[in-house]
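K.L.:
So here's entry23.pdb, just PDB, C-alpha atoms:
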```pdb
ATOM      1  CA  MET Z  31     -40.687-208.293  24.999
ATOM      2  CA  ARG Z  32     -37.661-206.103  25.770
ATOM      3  CA  GLY Z  33     -38.026-204.386  22.386
ATOM      4  CA  TYR Z  34     -41.675-203.548  23.129
ATOM      5  CA  TRP Z  35     -40.695-201.962  26.430
ATOM      6  CA  ARG Z  36     -38.073-199.786  24.707
ATOM      7  CA  THR Z  37     -40.639-198.710  22.109
ATOM      8  CA  ALA Z  38     -43.164-197.920  24.845
ATOM      9  CA  LEU Z  39     -40.600-195.838  26.743
ATOM     10  CA  LEU Z  40     -39.653-193.983  23.559
ATOM     11  CA  VAL Z  41     -43.297-193.169  22.790
ATOM     12  CA  ALA Z  42     -43.856-192.057  26.392
ATOM     13  CA  GLY Z  43     -40.784-189.835  26.210
ATOM     14  CA  VAL Z  44     -41.961-188.228  22.963
ATOM     15  CA  VAL Z  45     -45.421-187.586  24.452
ATOM     16  CA  VAL Z  46     -43.963-186.022  27.608
ATOM     17  CA  ALA Z  47     -41.561-183.882  25.538
ATOM     18  CA  ALA Z  48     -44.419-182.742  23.283
ATOM     19  CA  LEU Z  49     -46.529-181.730  26.294
ATOM     20  CA  GLU Z  50     -43.627-179.904  27.934
ATOM     21  CA  LEU Z  51     -42.656-178.080  24.741
ATOM     22  CA  ARG Z  52     -46.166-177.001  23.817
ATOM     23  CA  GLY Z  53     -46.090-173.229  23.490
ATOM     24  CA  HIS Z  54     -42.275-173.086  23.795
ATOM     25  CA  LEU Z  55     -41.206-173.988  20.254
ATOM     26  CA  PRO Z  56     -40.347-171.060  17.952
ATOM     27  CA  SER Z  57     -40.719-171.059  14.184
ATOM     28  CA  LEU Z  58     -37.878-172.343  12.006
ATOM     29  CA  SER Z  59     -37.306-168.866  10.537
ATOM     30  CA  GLU Z  60     -36.911-167.334  14.010
ATOM     31  CA  THR Z  61     -34.482-170.074  15.060
ATOM     32  CA  TRP Z  62     -32.439-169.692  11.848
ATOM     33  CA  LEU Z  63     -32.201-165.929  12.374
ATOM     34  CA  ALA Z  64     -30.920-166.496  15.918
ATOM     35  CA  LEU Z  65     -28.333-168.976  14.606
ATOM     36  CA  ARG Z  66     -27.089-166.559  11.948
ATOM     37  CA  THR Z  67     -26.515-163.820  14.513
ATOM     38  CA  ALA Z  68     -24.686-166.042  17.037
ATOM     39  CA  GLY Z  69     -21.585-164.453  18.544
ATOM     40  CA  PRO Z  70     -18.466-165.981  16.936
ATOM     41  CA  GLY Z  71     -16.274-165.569  20.029
ATOM     42  CA  TRP Z  72     -18.681-167.406  22.322
ATOM     43  CA  LEU Z  73     -19.215-169.994  19.591
ATOM     44  CA  ALA Z  74     -15.467-170.666  19.321
ATOM     45  CA  ALA Z  75     -15.219-170.982  23.110
ATOM     46  CA  ALA Z  76     -18.086-173.492  23.125
ATOM     47  CA  ALA Z  77     -16.412-175.536  20.385
ATOM     48  CA  GLY Z  78     -13.128-175.599  22.287
ATOM     49  CA  LEU Z  79     -14.828-176.664  25.518
ATOM     50  CA  SER Z  80     -16.600-179.530  23.760
ATOM     51  CA  VAL Z  81     -13.168-180.855  22.778
ATOM     52  CA  VAL Z  82     -11.863-180.345  26.337
ATOM     53  CA  ALA Z  83     -14.758-182.460  27.655
ATOM     54  CA  MET Z  84     -13.907-185.322  25.276
ATOM     55  CA  VAL Z  85     -10.192-185.146  26.129
ATOM     56  CA  ALA Z  86     -10.987-185.214  29.858
ATOM     57  CA  PHE Z  87     -13.113-188.353  29.491
ATOM     58  CA  SER Z  88     -10.482-190.089  27.361
ATOM     59  CA  GLU Z  89      -7.792-189.258  29.941
ATOM     60  CA  GLN Z  90     -10.064-190.538  32.714
ATOM     61  CA  GLN Z  91     -10.149-193.983  31.079
ATOM     62  CA  ARG Z  92      -6.507-193.899  30.001
ATOM     63  CA  HIS Z  93      -5.274-193.240  33.545
ATOM     64  CA  LEU Z  94      -7.425-196.047  34.896
ATOM     65  CA  LEU Z  95      -5.909-198.427  32.352
ATOM     66  CA  ALA Z  96      -2.420-197.217  33.287
ATOM     67  CA  ALA Z  97      -3.169-198.034  36.936
ATOM     68  CA  PHE Z  98      -3.254-201.700  35.862
ATOM     69  CA  ALA Z  99      -0.150-201.447  33.613
ATOM     70  CA  VAL Z 100      -2.210-201.262  30.397
ATOM     71  CA  ARG Z 101      -0.755-198.652  28.059
ATOM     72  CA  MET Z 102      -2.916-196.726  25.594
ATOM     73  CA  GLY Z 103      -1.687-193.648  23.763
ATOM     74  CA  ALA Z 104      -3.492-190.325  24.189
ATOM     75  CA  GLY Z 105      -4.469-190.248  20.513
ATOM     76  CA  ALA Z 106      -5.823-193.797  20.560
ATOM     77  CA  SER Z 107      -7.770-193.076  23.742
ATOM     78  CA  LEU Z 108      -9.295-189.890  22.310
ATOM     79  CA  GLY Z 109     -10.214-191.689  19.081
ATOM     80  CA  LEU Z 110     -11.893-194.418  21.130
ATOM     81  CA  THR Z 111     -13.834-191.788  23.092
ATOM     82  CA  TYR Z 112     -15.163-190.125  19.920
ATOM     83  CA  THR Z 113     -16.056-193.530  18.448
ATOM     84  CA  ARG Z 114     -17.913-194.536  21.611
ATOM     85  CA  SER Z 115     -19.804-191.238  21.692
ATOM     86  CA  ALA Z 116     -20.875-191.662  18.067
ATOM     87  CA  MET Z 117     -22.023-195.234  18.680
ATOM     88  CA  ALA Z 118     -23.991-194.258  21.783
ATOM     89  CA  ALA Z 119     -25.778-191.464  19.908
ATOM     90  CA  ALA Z 120     -26.429-193.164  16.574
ATOM     91  CA  LEU Z 121     -27.082-196.864  17.193
ATOM     92  CA  PRO Z 122     -30.024-198.701  18.781
ATOM     93  CA  ALA Z 123     -28.943-199.837  22.248
ATOM     94  CA  GLY Z 124     -26.006-197.527  21.570
ATOM     95  CA  SER Z 125     -24.737-197.459  25.154
ATOM     96  CA  ALA Z 126     -24.365-201.253  25.209
ATOM     97  CA  VAL Z 127     -22.705-201.311  21.775
ATOM     98  CA  SER Z 128     -20.357-198.515  22.856
ATOM     99  CA  ALA Z 129     -19.401-200.374  26.048
ATOM    100  CA  GLY Z 130     -18.794-203.605  24.132
ATOM    101  CA  TYR Z 131     -16.564-201.817  21.625
ATOM    102  CA  ALA Z 132     -14.521-200.172  24.390
ATOM    103  CA  PHE Z 133     -14.154-203.525  26.142
ATOM    104  CA  GLY Z 134     -12.756-205.022  22.936
ATOM    105  CA  ARG Z 135     -10.289-202.152  22.445
ATOM    106  CA  PHE Z 136      -9.078-202.462  26.047
ATOM    107  CA  ARG Z 137      -8.512-206.174  25.466
ATOM    108  CA  ALA Z 138      -6.655-205.424  22.231
ATOM    109  CA  HIS Z 139      -4.269-203.176  24.187
ATOM    110  CA  GLY Z 140      -3.395-206.040  26.525
ATOM    111  CA  ALA Z 141      -5.921-205.714  29.350
ATOM    112  CA  PRO Z 142      -7.027-209.052  30.853
ATOM    113  CA  ARG Z 143     -10.761-209.653  30.774
ATOM    114  CA  ALA Z 144     -11.183-208.837  34.493
ATOM    115  CA  VAL Z 145      -9.194-205.598  34.155
ATOM    116  CA  ALA Z 146     -11.086-204.471  31.037
ATOM    117  CA  ALA Z 147     -14.410-205.037  32.797
ATOM    118  CA  ALA Z 148     -13.156-203.294  35.947
ATOM    119  CA  VAL Z 149     -12.012-200.221  33.997
ATOM    120  CA  MET Z 150     -15.449-199.961  32.370
ATOM    121  CA  LEU Z 151     -17.221-200.112  35.731
ATOM    122  CA  LEU Z 152     -14.748-197.900  37.589
ATOM    123  CA  SER Z 153     -14.820-195.272  34.841
ATOM    124  CA  GLY Z 154     -18.615-195.182  35.072
ATOM    125  CA  ALA Z 155     -18.408-194.869  38.859
ATOM    126  CA  ALA Z 156     -15.879-192.020  38.541
ATOM    127  CA  SER Z 157     -18.222-190.218  36.118
ATOM    128  CA  LEU Z 158     -21.093-190.514  38.597
ATOM    129  CA  VAL Z 159     -18.869-189.168  41.387
ATOM    130  CA  GLY Z 160     -17.828-186.266  39.143
ATOM    131  CA  LEU Z 161     -21.462-185.437  38.358
ATOM    132  CA  ALA Z 162     -22.377-185.677  42.055
ATOM    133  CA  LEU Z 163     -19.579-183.240  42.913
ATOM    134  CA  LEU Z 164     -20.907-180.861  40.268
ATOM    135  CA  TYR Z 165     -24.379-181.127  41.828
ATOM    136  CA  ALA Z 166     -22.895-180.409  45.264
ATOM    137  CA  GLY Z 167     -20.956-177.444  43.945
ATOM    138  CA  ASN Z 168     -24.064-175.990  42.320
ATOM    139  CA  VAL Z 169     -26.031-176.377  45.568
ATOM    140  CA  LEU Z 170     -23.261-174.704  47.585
ATOM    141  CA  ILE Z 171     -23.072-171.787  45.135
ATOM    142  CA  LEU Z 172     -26.835-171.227  45.388
ATOM    143  CA  ALA Z 173     -26.813-171.491  49.204
ATOM    144  CA  ARG Z 174     -26.180-168.696  51.677
ATOM    145  CA  PRO Z 175     -22.498-167.846  52.383
ATOM    146  CA  SER Z 176     -22.575-169.417  55.867
ATOM    147  CA  VAL Z 177     -24.070-172.658  54.517
ATOM    148  CA  THR Z 178     -21.547-172.652  51.676
ATOM    149  CA  THR Z 179     -18.627-172.293  54.077
ATOM    150  CA  LEU Z 180     -19.921-175.081  56.330
ATOM    151  CA  GLY Z 181     -20.506-177.327  53.308
ATOM    152  CA  VAL Z 182     -16.986-176.773  51.992
ATOM    153  CA  VAL Z 183     -15.479-177.596  55.398
ATOM    154  CA  LEU Z 184     -17.562-180.781  55.740
ATOM    155  CA  CYS Z 185     -16.659-181.864  52.202
ATOM    156  CA  ALA Z 186     -12.976-181.304  52.939
ATOM    157  CA  ILE Z 187     -13.199-183.418  56.105
ATOM    158  CA  VAL Z 188     -15.029-186.251  54.321
ATOM    159  CA  LEU Z 189     -12.518-186.141  51.461
ATOM    160  CA  ALA Z 190      -9.577-186.282  53.859
ATOM    161  CA  VAL Z 191     -11.090-189.304  55.664
ATOM    162  CA  LEU Z 192     -11.753-191.125  52.389
ATOM    163  CA  ILE Z 193      -8.212-190.436  51.155
ATOM    164  CA  GLY Z 194      -6.771-191.747  54.411
ATOM    165  CA  LEU Z 195      -8.853-194.925  54.312
ATOM    166  CA  HIS Z 196      -7.969-195.624  50.708
ATOM    167  CA  ALA Z 197      -4.273-194.935  51.249
ATOM    168  CA  ARG Z 198      -4.353-197.446  54.106
ATOM    169  CA  THR Z 199      -5.965-200.033  51.816
ATOM    170  CA  VAL Z 200      -3.347-199.458  49.139
ATOM    171  CA  ARG Z 201      -0.504-199.823  51.663
ATOM    172  CA  ARG Z 202      -2.010-203.054  52.915
ATOM    173  CA  THR Z 203      -2.061-204.507  49.399
ATOM    174  CA  GLY Z 204       1.485-203.315  48.795
ATOM    175  CA  ARG Z 205       0.328-201.339  45.735
ATOM    176  CA  ARG Z 206       0.537-204.517  43.695
ATOM    177  CA  ALA Z 207      -2.083-205.333  41.118
ATOM    178  CA  ALA Z 208      -4.297-208.077  42.443
ATOM    179  CA  VAL Z 209      -4.084-211.417  40.682
ATOM    180  CA  VAL Z 210      -7.658-211.948  39.530
ATOM    181  CA  PRO Z 211      -8.554-215.322  37.994
ATOM    182  CA  GLU Z 212     -10.560-215.316  34.778
ATOM    183  CA  VAL Z 213     -14.174-216.455  35.038
ATOM    184  CA  SER Z 214     -15.125-219.443  32.937
ATOM    185  CA  GLU Z 215     -17.415-218.738  30.000
ATOM    186  CA  GLU Z 216     -19.492-221.735  31.061
ATOM    187  CA  ALA Z 217     -20.383-220.054  34.366
ATOM    188  CA  GLY Z 218     -23.908-218.695  34.682
ATOM    189  CA  ARG Z 219     -24.722-215.051  34.072
ATOM    190  CA  ILE Z 220     -25.345-214.311  37.764
ATOM    191  CA  ALA Z 221     -22.062-216.002  38.723
ATOM    192  CA  ARG Z 222     -20.173-213.961  36.119
ATOM    193  CA  MET Z 223     -21.780-210.729  37.314
ATOM    194  CA  ARG Z 224     -20.884-211.467  40.931
ATOM    195  CA  ALA Z 225     -17.327-212.334  39.982
ATOM    196  CA  THR Z 226     -17.005-209.141  37.920
ATOM    197  CA  VAL Z 227     -18.208-206.967  40.813
ATOM    198  CA  ARG Z 228     -15.917-208.774  43.270
ATOM    199  CA  HIS Z 229     -12.907-208.436  40.977
ATOM    200  CA  THR Z 230     -13.686-204.771  40.339
ATOM    201  CA  LEU Z 231     -13.758-203.994  44.065
ATOM    202  CA  VAL Z 232     -10.469-205.840  44.580
ATOM    203  CA  LEU Z 233      -8.820-204.024  41.687
ATOM    204  CA  ALA Z 234     -10.209-200.647  42.801
ATOM    205  CA  GLY Z 235      -8.418-201.101  46.126
ATOM    206  CA  THR Z 236      -5.057-201.441  44.371
ATOM    207  CA  VAL Z 237      -5.261-198.112  42.518
ATOM    208  CA  PRO Z 238      -3.004-195.543  44.242
ATOM    209  CA  THR Z 239      -4.834-192.666  45.917
ATOM    210  CA  GLY Z 240      -3.150-190.064  43.742
ATOM    211  CA  ARG Z 241      -4.282-191.886  40.620
ATOM    212  CA  TRP Z 242      -7.867-191.977  41.911
ATOM    213  CA  LEU Z 243      -7.799-188.235  42.577
ATOM    214  CA  LEU Z 244      -6.547-187.630  39.036
ATOM    215  CA  VAL Z 245      -9.264-189.844  37.537
ATOM    216  CA  ILE Z 246     -12.015-188.103  39.507
ATOM    217  CA  ALA Z 247     -10.542-184.707  38.605
ATOM    218  CA  MET Z 248     -10.798-185.683  34.922
ATOM    219  CA  ALA Z 249     -14.407-186.759  35.494
ATOM    220  CA  VAL Z 250     -15.245-183.400  37.075
ATOM    221  CA  LEU Z 251     -13.466-181.578  34.240
ATOM    222  CA  ASN Z 252     -15.476-183.569  31.696
ATOM    223  CA  TRP Z 253     -18.810-182.485  33.199
ATOM    224  CA  LEU Z 254     -17.640-178.948  33.965
ATOM    225  CA  ALA Z 255     -16.377-178.341  30.417
ATOM    226  CA  ASP Z 256     -19.688-179.630  29.062
ATOM    227  CA  VAL Z 257     -21.822-177.328  31.217
ATOM    228  CA  VAL Z 258     -19.609-174.319  30.428
ATOM    229  CA  CYS Z 259     -19.937-175.265  26.740
ATOM    230  CA  LEU Z 260     -23.706-174.919  27.184
ATOM    231  CA  ILE Z 261     -23.264-171.557  28.948
ATOM    232  CA  CYS Z 262     -21.101-170.293  26.068
ATOM    233  CA  ALA Z 263     -23.696-171.495  23.526
ATOM    234  CA  VAL Z 264     -26.383-169.576  25.444
ATOM    235  CA  ARG Z 265     -24.189-166.470  25.432
ATOM    236  CA  ALA Z 266     -23.503-166.936  21.694
ATOM    237  CA  ALA Z 267     -27.262-166.773  21.090
ATOM    238  CA  GLY Z 268     -27.349-163.400  22.868
ATOM    239  CA  LEU Z 269     -29.096-164.581  26.041
ATOM    240  CA  GLU Z 270     -28.235-163.219  29.485
ATOM    241  CA  VAL Z 271     -29.630-166.086  31.555
ATOM    242  CA  PRO Z 272     -27.608-166.426  34.821
ATOM    243  CA  ALA Z 273     -24.934-169.130  34.682
ATOM    244  CA  THR Z 274     -26.284-170.752  37.855
ATOM    245  CA  THR Z 275     -29.727-171.094  36.252
ATOM    246  CA  ILE Z 276     -28.194-172.670  33.146
ATOM    247  CA  ALA Z 277     -26.127-175.049  35.287
ATOM    248  CA  THR Z 278     -29.199-176.082  37.282
ATOM    249  CA  GLY Z 279     -31.123-176.798  34.076
ATOM    250  CA  TYR Z 280     -28.165-178.770  32.758
ATOM    251  CA  LEU Z 281     -27.955-180.910  35.888
ATOM    252  CA  VAL Z 282     -31.691-181.627  35.788
ATOM    253  CA  ALA Z 283     -31.365-182.628  32.116
ATOM    254  CA  GLN Z 284     -28.477-184.959  32.957
ATOM    255  CA  LEU Z 285     -30.555-186.556  35.710
ATOM    256  CA  ILE Z 286     -33.402-187.175  33.244
ATOM    257  CA  ARG Z 287     -30.904-188.488  30.711
ATOM    258  CA  GLN Z 288     -29.974-191.368  32.999
ATOM    259  CA  ILE Z 289     -33.295-192.971  31.963
ATOM    260  CA  PRO Z 290     -32.228-194.557  28.640
ATOM    261  CA  ILE Z 291     -35.268-193.574  26.566
ATOM    262  CA  THR Z 292     -33.439-192.459  23.412
ATOM    263  CA  PRO Z 293     -29.855-193.006  22.125
ATOM    264  CA  GLY Z 294     -27.567-190.316  23.517
ATOM    265  CA  GLY Z 295     -30.557-188.606  25.157
ATOM    266  CA  ILE Z 296     -31.501-187.135  21.764
ATOM    267  CA  GLY Z 297     -34.785-185.263  22.108
ATOM    268  CA  VAL Z 298     -34.862-185.584  25.886
ATOM    269  CA  ILE Z 299     -31.876-183.284  26.488
ATOM    270  CA  GLU Z 300     -33.110-180.686  23.987
ATOM    271  CA  ALA Z 301     -36.611-180.655  25.461
ATOM    272  CA  SER Z 302     -35.386-180.392  29.060
ATOM    273  CA  LEU Z 303     -32.954-177.563  28.336
ATOM    274  CA  LEU Z 304     -35.443-175.611  26.227
ATOM    275  CA  VAL Z 305     -38.048-175.758  28.998
ATOM    276  CA  ALA Z 306     -35.423-174.667  31.550
ATOM    277  CA  LEU Z 307     -34.277-171.666  29.506
ATOM    278  CA  THR Z 308     -37.746-170.459  28.554
ATOM    279  CA  ALA Z 309     -38.911-170.893  32.161
ATOM    280  CA  ALA Z 310     -36.044-168.569  33.144
ATOM    281  CA  GLY Z 311     -37.496-165.906  30.824
ATOM    282  CA  ALA Z 312     -35.424-166.506  27.673
ATOM    283  CA  PRO Z 313     -37.219-165.896  24.333
ATOM    284  CA  ALA Z 314     -38.064-169.140  22.564
ATOM    285  CA  ALA Z 315     -36.120-168.573  19.324
ATOM    286  CA  PRO Z 316     -32.716-167.672  20.854
ATOM    287  CA  ALA Z 317     -33.170-170.443  23.454
ATOM    288  CA  ALA Z 318     -33.784-173.027  20.712
ATOM    289  CA  ALA Z 319     -30.789-171.694  18.773
ATOM    290  CA  ALA Z 320     -28.557-171.923  21.857
ATOM    291  CA  ILE Z 321     -29.559-175.525  22.540
ATOM    292  CA  LEU Z 322     -29.140-176.429  18.880
ATOM    293  CA  LEU Z 323     -25.627-174.954  18.894
ATOM    294  CA  TYR Z 324     -24.763-176.804  22.099
ATOM    295  CA  ARG Z 325     -26.030-180.162  20.842
ATOM    296  CA  ILE Z 326     -24.288-179.763  17.474
ATOM    297  CA  LEU Z 327     -20.977-179.189  19.243
ATOM    298  CA  SER Z 328     -21.360-181.651  22.122
ATOM    299  CA  CYS Z 329     -23.195-184.515  20.410
ATOM    300  CA  TRP Z 330     -23.926-184.385  16.712
ATOM    301  CA  MET Z 331     -20.415-183.365  15.621
ATOM    302  CA  ASP Z 332     -19.191-186.518  17.353
ATOM    303  CA  LEU Z 333     -20.909-188.629  14.673
ATOM    304  CA  PRO Z 334     -18.632-187.796  11.692
ATOM    305  CA  ILE Z 335     -15.549-187.525  13.940
ATOM    306  CA  GLY Z 336     -16.333-190.870  15.579
ATOM    307  CA  LEU Z 337     -16.909-192.510  12.194
ATOM    308  CA  ALA Z 338     -13.555-191.202  10.950
ATOM    309  CA  CYS Z 339     -11.807-192.469  14.100
ATOM    310  CA  TRP Z 340     -13.485-195.874  13.774
ATOM    311  CA  ARG Z 341     -12.447-196.223  10.119
ATOM    312  CA  SER Z 342      -8.894-195.149  10.947
ATOM    313  CA  SER Z 343      -8.669-197.648  13.804
ATOM    314  CA  LYS Z 344     -10.108-200.390  11.623
ATOM    315  CA  ARG Z 345      -7.511-199.769   8.907
ATOM    316  CA  ARG Z 346      -4.686-199.551  11.436
ATOM    317  CA  HIS Z 347      -5.565-202.854  13.094
ATOM    318  CA  ALA Z 348      -6.601-204.744   9.960
ATOM    319  CA  PRO Z 349      -4.626-208.007   9.428
ATOM    320  CA  ALA Z 350      -1.904-207.835   6.839
ATOM    321  CA  ALA Z 351      -2.997-209.044   3.398
ATOM    322  CA  THR Z 352      -1.796-212.519   2.487
ATOM    323  CA  SER Z 353       0.565-212.840  -0.452
ATOM    324  CA  VAL Z 354      -0.687-214.268  -3.744
ATOM    325  CA  PRO Z 355       1.067-217.628  -4.362
ATOM    326  CA  GLY Z 356       1.992-216.688  -7.916
ATOM    327  CA  THR Z 357       3.661-213.524  -6.752
ATOM    328  CA  VAL Z 358       5.670-215.431  -4.152
ATOM    329  CA  ARG Z 359       6.880-217.935  -6.757
ATOM    330  CA  ALA Z 360       7.850-215.120  -9.146
ATOM    331  CA  THR Z 361       9.798-213.394  -6.409
ATOM    332  CA  GLN Z 362      11.607-216.588  -5.453
ATOM    333  CA  ALA Z 363      12.457-217.270  -9.119
ATOM    334  CA  ALA Z 364      13.917-213.795  -9.478
TER     335      ALA Z 364
END
```
Once you've parsed the file, please lay out its structure as structure tokens.

P.N.:
Amino acid sequence: MRGYWRTALLVAGVVVAALELRGHLPSLSETWLALRTAGPGWLAAAAGLSVVAMVAFSEQQRHLLAAFAVRMGAGASLGLTYTRSAMAAALPAGSAVSAGYAFGRFRAHGAPRAVAAAVMLLSGAASLVGLALLYAGNVLILARPSVTTLGVVLCAIVLAVLIGLHARTVRRTGRRAAVVPEVSEEAGRIARMRATVRHTLVLAGTVPTGRWLLVIAMAVLNWLADVVCLICAVRAAGLEVPATTIATGYLVAQLIRQIPITPGGIGVIEASLLVALTAAGAPAAPAAAAILLYRILSCWMDLPIGLACWRSSKRRHAPAATSVPGTVRATQAA
């Protein structure tokens, strides 16, 4: 039954996208011409920012692991991030497969089961906080100067209160990692879920405040680099759409993407962004070219890179080959 629901959602998403895109899609020849004339400088900037976004997300997870004394190198973390992105975009139920793979890699680096699960959940929570901050920043930029000033002051006060409360919690726990018992595999699913949430909250309270600020900063950088990558792709296609309009369209697309209709939001993101750009007055062909450039750099290029990282990791962690008995005897005889 679950598979039928996913198919129904996919069909509904395609129908909605088709209705929204009706009259907006350019011809292939017009799109190809816009791609050929893309500005190389803006294109290089977009490519660099797509890498910055991936590095920021990998550092977000790596610093969370380090908060619980689990060490993962920067290269290994970045390779894991590219592999996860490729899995999420290419495989059915890709988000679940990606999460399961990351959980296994965290365990392989020495994280206890409770810590590995907590890092997954806390990293997701940090990403949501980063996206929410980006939303708030966009709203403040679009608001009047007096409202913007008041909003910044209120945000600063709330942030200071939250930092103080968390620092107090960390002092009370002595900044020691909580000893979290493993949950038995025989326990029911609901019991395991409750235990995971409880352990995650306990472990979150032991992360130093400075570490939390760094993790959230990496989450904001991840989203910010991605939206600026889109802005650079739009500029590469020769469009002069205001950056605030592009950012608003991006944030709306990310909100729609949270409904898991297609792997990696493929189709949904493109449709949402194309409607946003053409509604802002951009010609259809350059708008389609800009979105195509952005998705190639921020999503589709992750597929071959992620596959290469997965193969490299698989070779690196493959068990050593066992010796052939005849070879051992020959060596001993020599």

K.L.:
Could you pull out every residue with an atom within 7 Å of (-12.6, -193.1, 39.0), file coordinates, counting only C-alpha atoms, and send them as a list in words?

P.N.:
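Within the cut-off we find Leu152, Ser153, Ala155, Ala156, Ser157, Trp242, Val245 and Ile246 of chain Z.
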
K.L.:
Quick one: everything within 10 Å of Ala338 (chain Z), counting all atoms listed in the file, minus sequence neighbours fewer than 5 positions away in the same chain. Send it as a list of chain:residue names.

P.N.:
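Listed by chain and then number, they are Z:Gly109, Z:Tyr112, Z:Thr113, Z:Asp332, Z:Leu333, Z:Ser343, Z:Lys344.
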
K.L.:
So, counting only C-alpha atoms, which residue among Z:Ile335, Z:Cys259, Z:Ile171, Z:Ala96 is closest to Thr278 (chain Z)?

P.N.:
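Counting only C-alpha atoms, the residue closest to Thr278 (chain Z) is Z:Ile171.
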
K.L.:
Using the chain letters and numbers from this file, what does the PyMOL selection byres ((chain Z and resi 227) around 12) select? Give the answer as a list in words.

P.N.:
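Evaluating the PyMOL selection byres ((chain Z and resi 227) around 12) on these coordinates yields Ala144, Val145, Ala147, Ala148, Val149, Met150, Leu151, Leu152, Val210, Val213, Ile220, Ala221, Arg222, Met223, Arg224, Ala225, Thr226, Arg228, His229, Thr230, Leu231, Val232, Leu233 and Ala234 of chain Z.
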
K.L.:
Env of Leu269 (chain Z): 8 Å cut, atoms = all atoms listed in the file, seq-sep filter 6 positions within chain, self excluded. Answer as an NGL selection string.

P.N.:
:Z and (312 or 316-317)

K.L.:
Kindly resolve the PyMOL selection byres ((chain Z and resi 92) around 8) on the present coordinates and return the residues as a list in words.

P.N.:
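Written out, the selection comes to Ser88, Glu89, Gln90, Gln91, His93, Leu94, Leu95, Ala96, Arg101, Met102, Gly103, Ala104 and Ser107 of chain Z.
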
K.L.:
Of the candidates Z:Ile286, Z:Met117, Z:Ala267, Z:Ala83, which shows the shortest atom-to-atom distance to Leu337 (chain Z), using all atoms listed in the file?

P.N.:
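The closest residue to Leu337 (chain Z) is Z:Met117.
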
K.L.:
Find the distance between CA of Phe98 (chain Z) and CA of Pro238 (chain Z) and write it in Å to one decimal.

P.N.:
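Between CA of Phe98 (chain Z) and CA of Pro238 (chain Z) the gap is 10.4 Å.
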
K.L.:
I'd like to know which of Z:Leu163, Z:Ala119, Z:Ala266, Z:Ala106 is closest to His139 (chain Z), using only C-alpha atoms.

P.N.:
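Looking only at the distances to His139 (chain Z), the closest residue turns out to be Z:Ala106.
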
K.L.:
Using all atoms listed in the file, which residues sit within 8 Å of Val257 (chain Z) once same-chain residues fewer than 4 positions away are excluded, as a list in words?

P.N.:
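Those residues are Trp253, Ile261, Ala277 and Tyr280 of chain Z.
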
K.L.:
Around all the atoms of region 74-77 of chain Z listed in the file, with 4 Å of room on each side, what axis-aligned box do you get, giving centre and edge lengths in Å to one decimal, as lines of an AutoDock Vina configuration file?

P.N.:
```
center_x = -16.7
center_y = -173.1
center_z = 21.2
size_x = 10.9
size_y = 12.9
size_z = 11.8
```

K.L.:
Would you mind reading off the distance between CA of Val159 (chain Z) and CA of Leu254 (chain Z), one decimal, in Å?

P.N.:
12.7 Å

K.L.:
Distance cut-off 9 Å, centre (-17.6, -178.7, 16.6) in file coordinates, counting only C-alpha atoms: which residues qualify? Return them as a ChimeraX atom specification.

P.N.:
/Z:74,76-78,80-81,326-332

K.L.:
Interatomic distance between CA of Gly311 (chain Z) and CA of Ala162 (chain Z)?

P.N.:
27.3 Å

K.L.:
Could you check the closest approach to Pro272 (chain Z) for each of Z:Val127, Z:Ala75, Z:Leu121, Z:Ala310 and tell me which residue wins, using all atoms listed in the file?

P.N.:
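Result for the nearest residue to Pro272 (chain Z): Z:Ala310.
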
K.L.:
So, counting all atoms listed in the file, which residue among Z:Leu158, Z:Gly69, Z:Val100, Z:Met84 is closest to Pro142 (chain Z)?

P.N.:
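Going through Z:Leu158, Z:Gly69, Z:Val100, Z:Met84 one by one, the smallest distance to Pro142 (chain Z) is for Z:Val100.
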
K.L.:
Considering all atoms listed in the file, can you say which of Z:Leu323, Z:Ala306, Z:Leu161, Z:Ala138 comes closest to Ala263 (chain Z)?

P.N.:
Z:Leu323
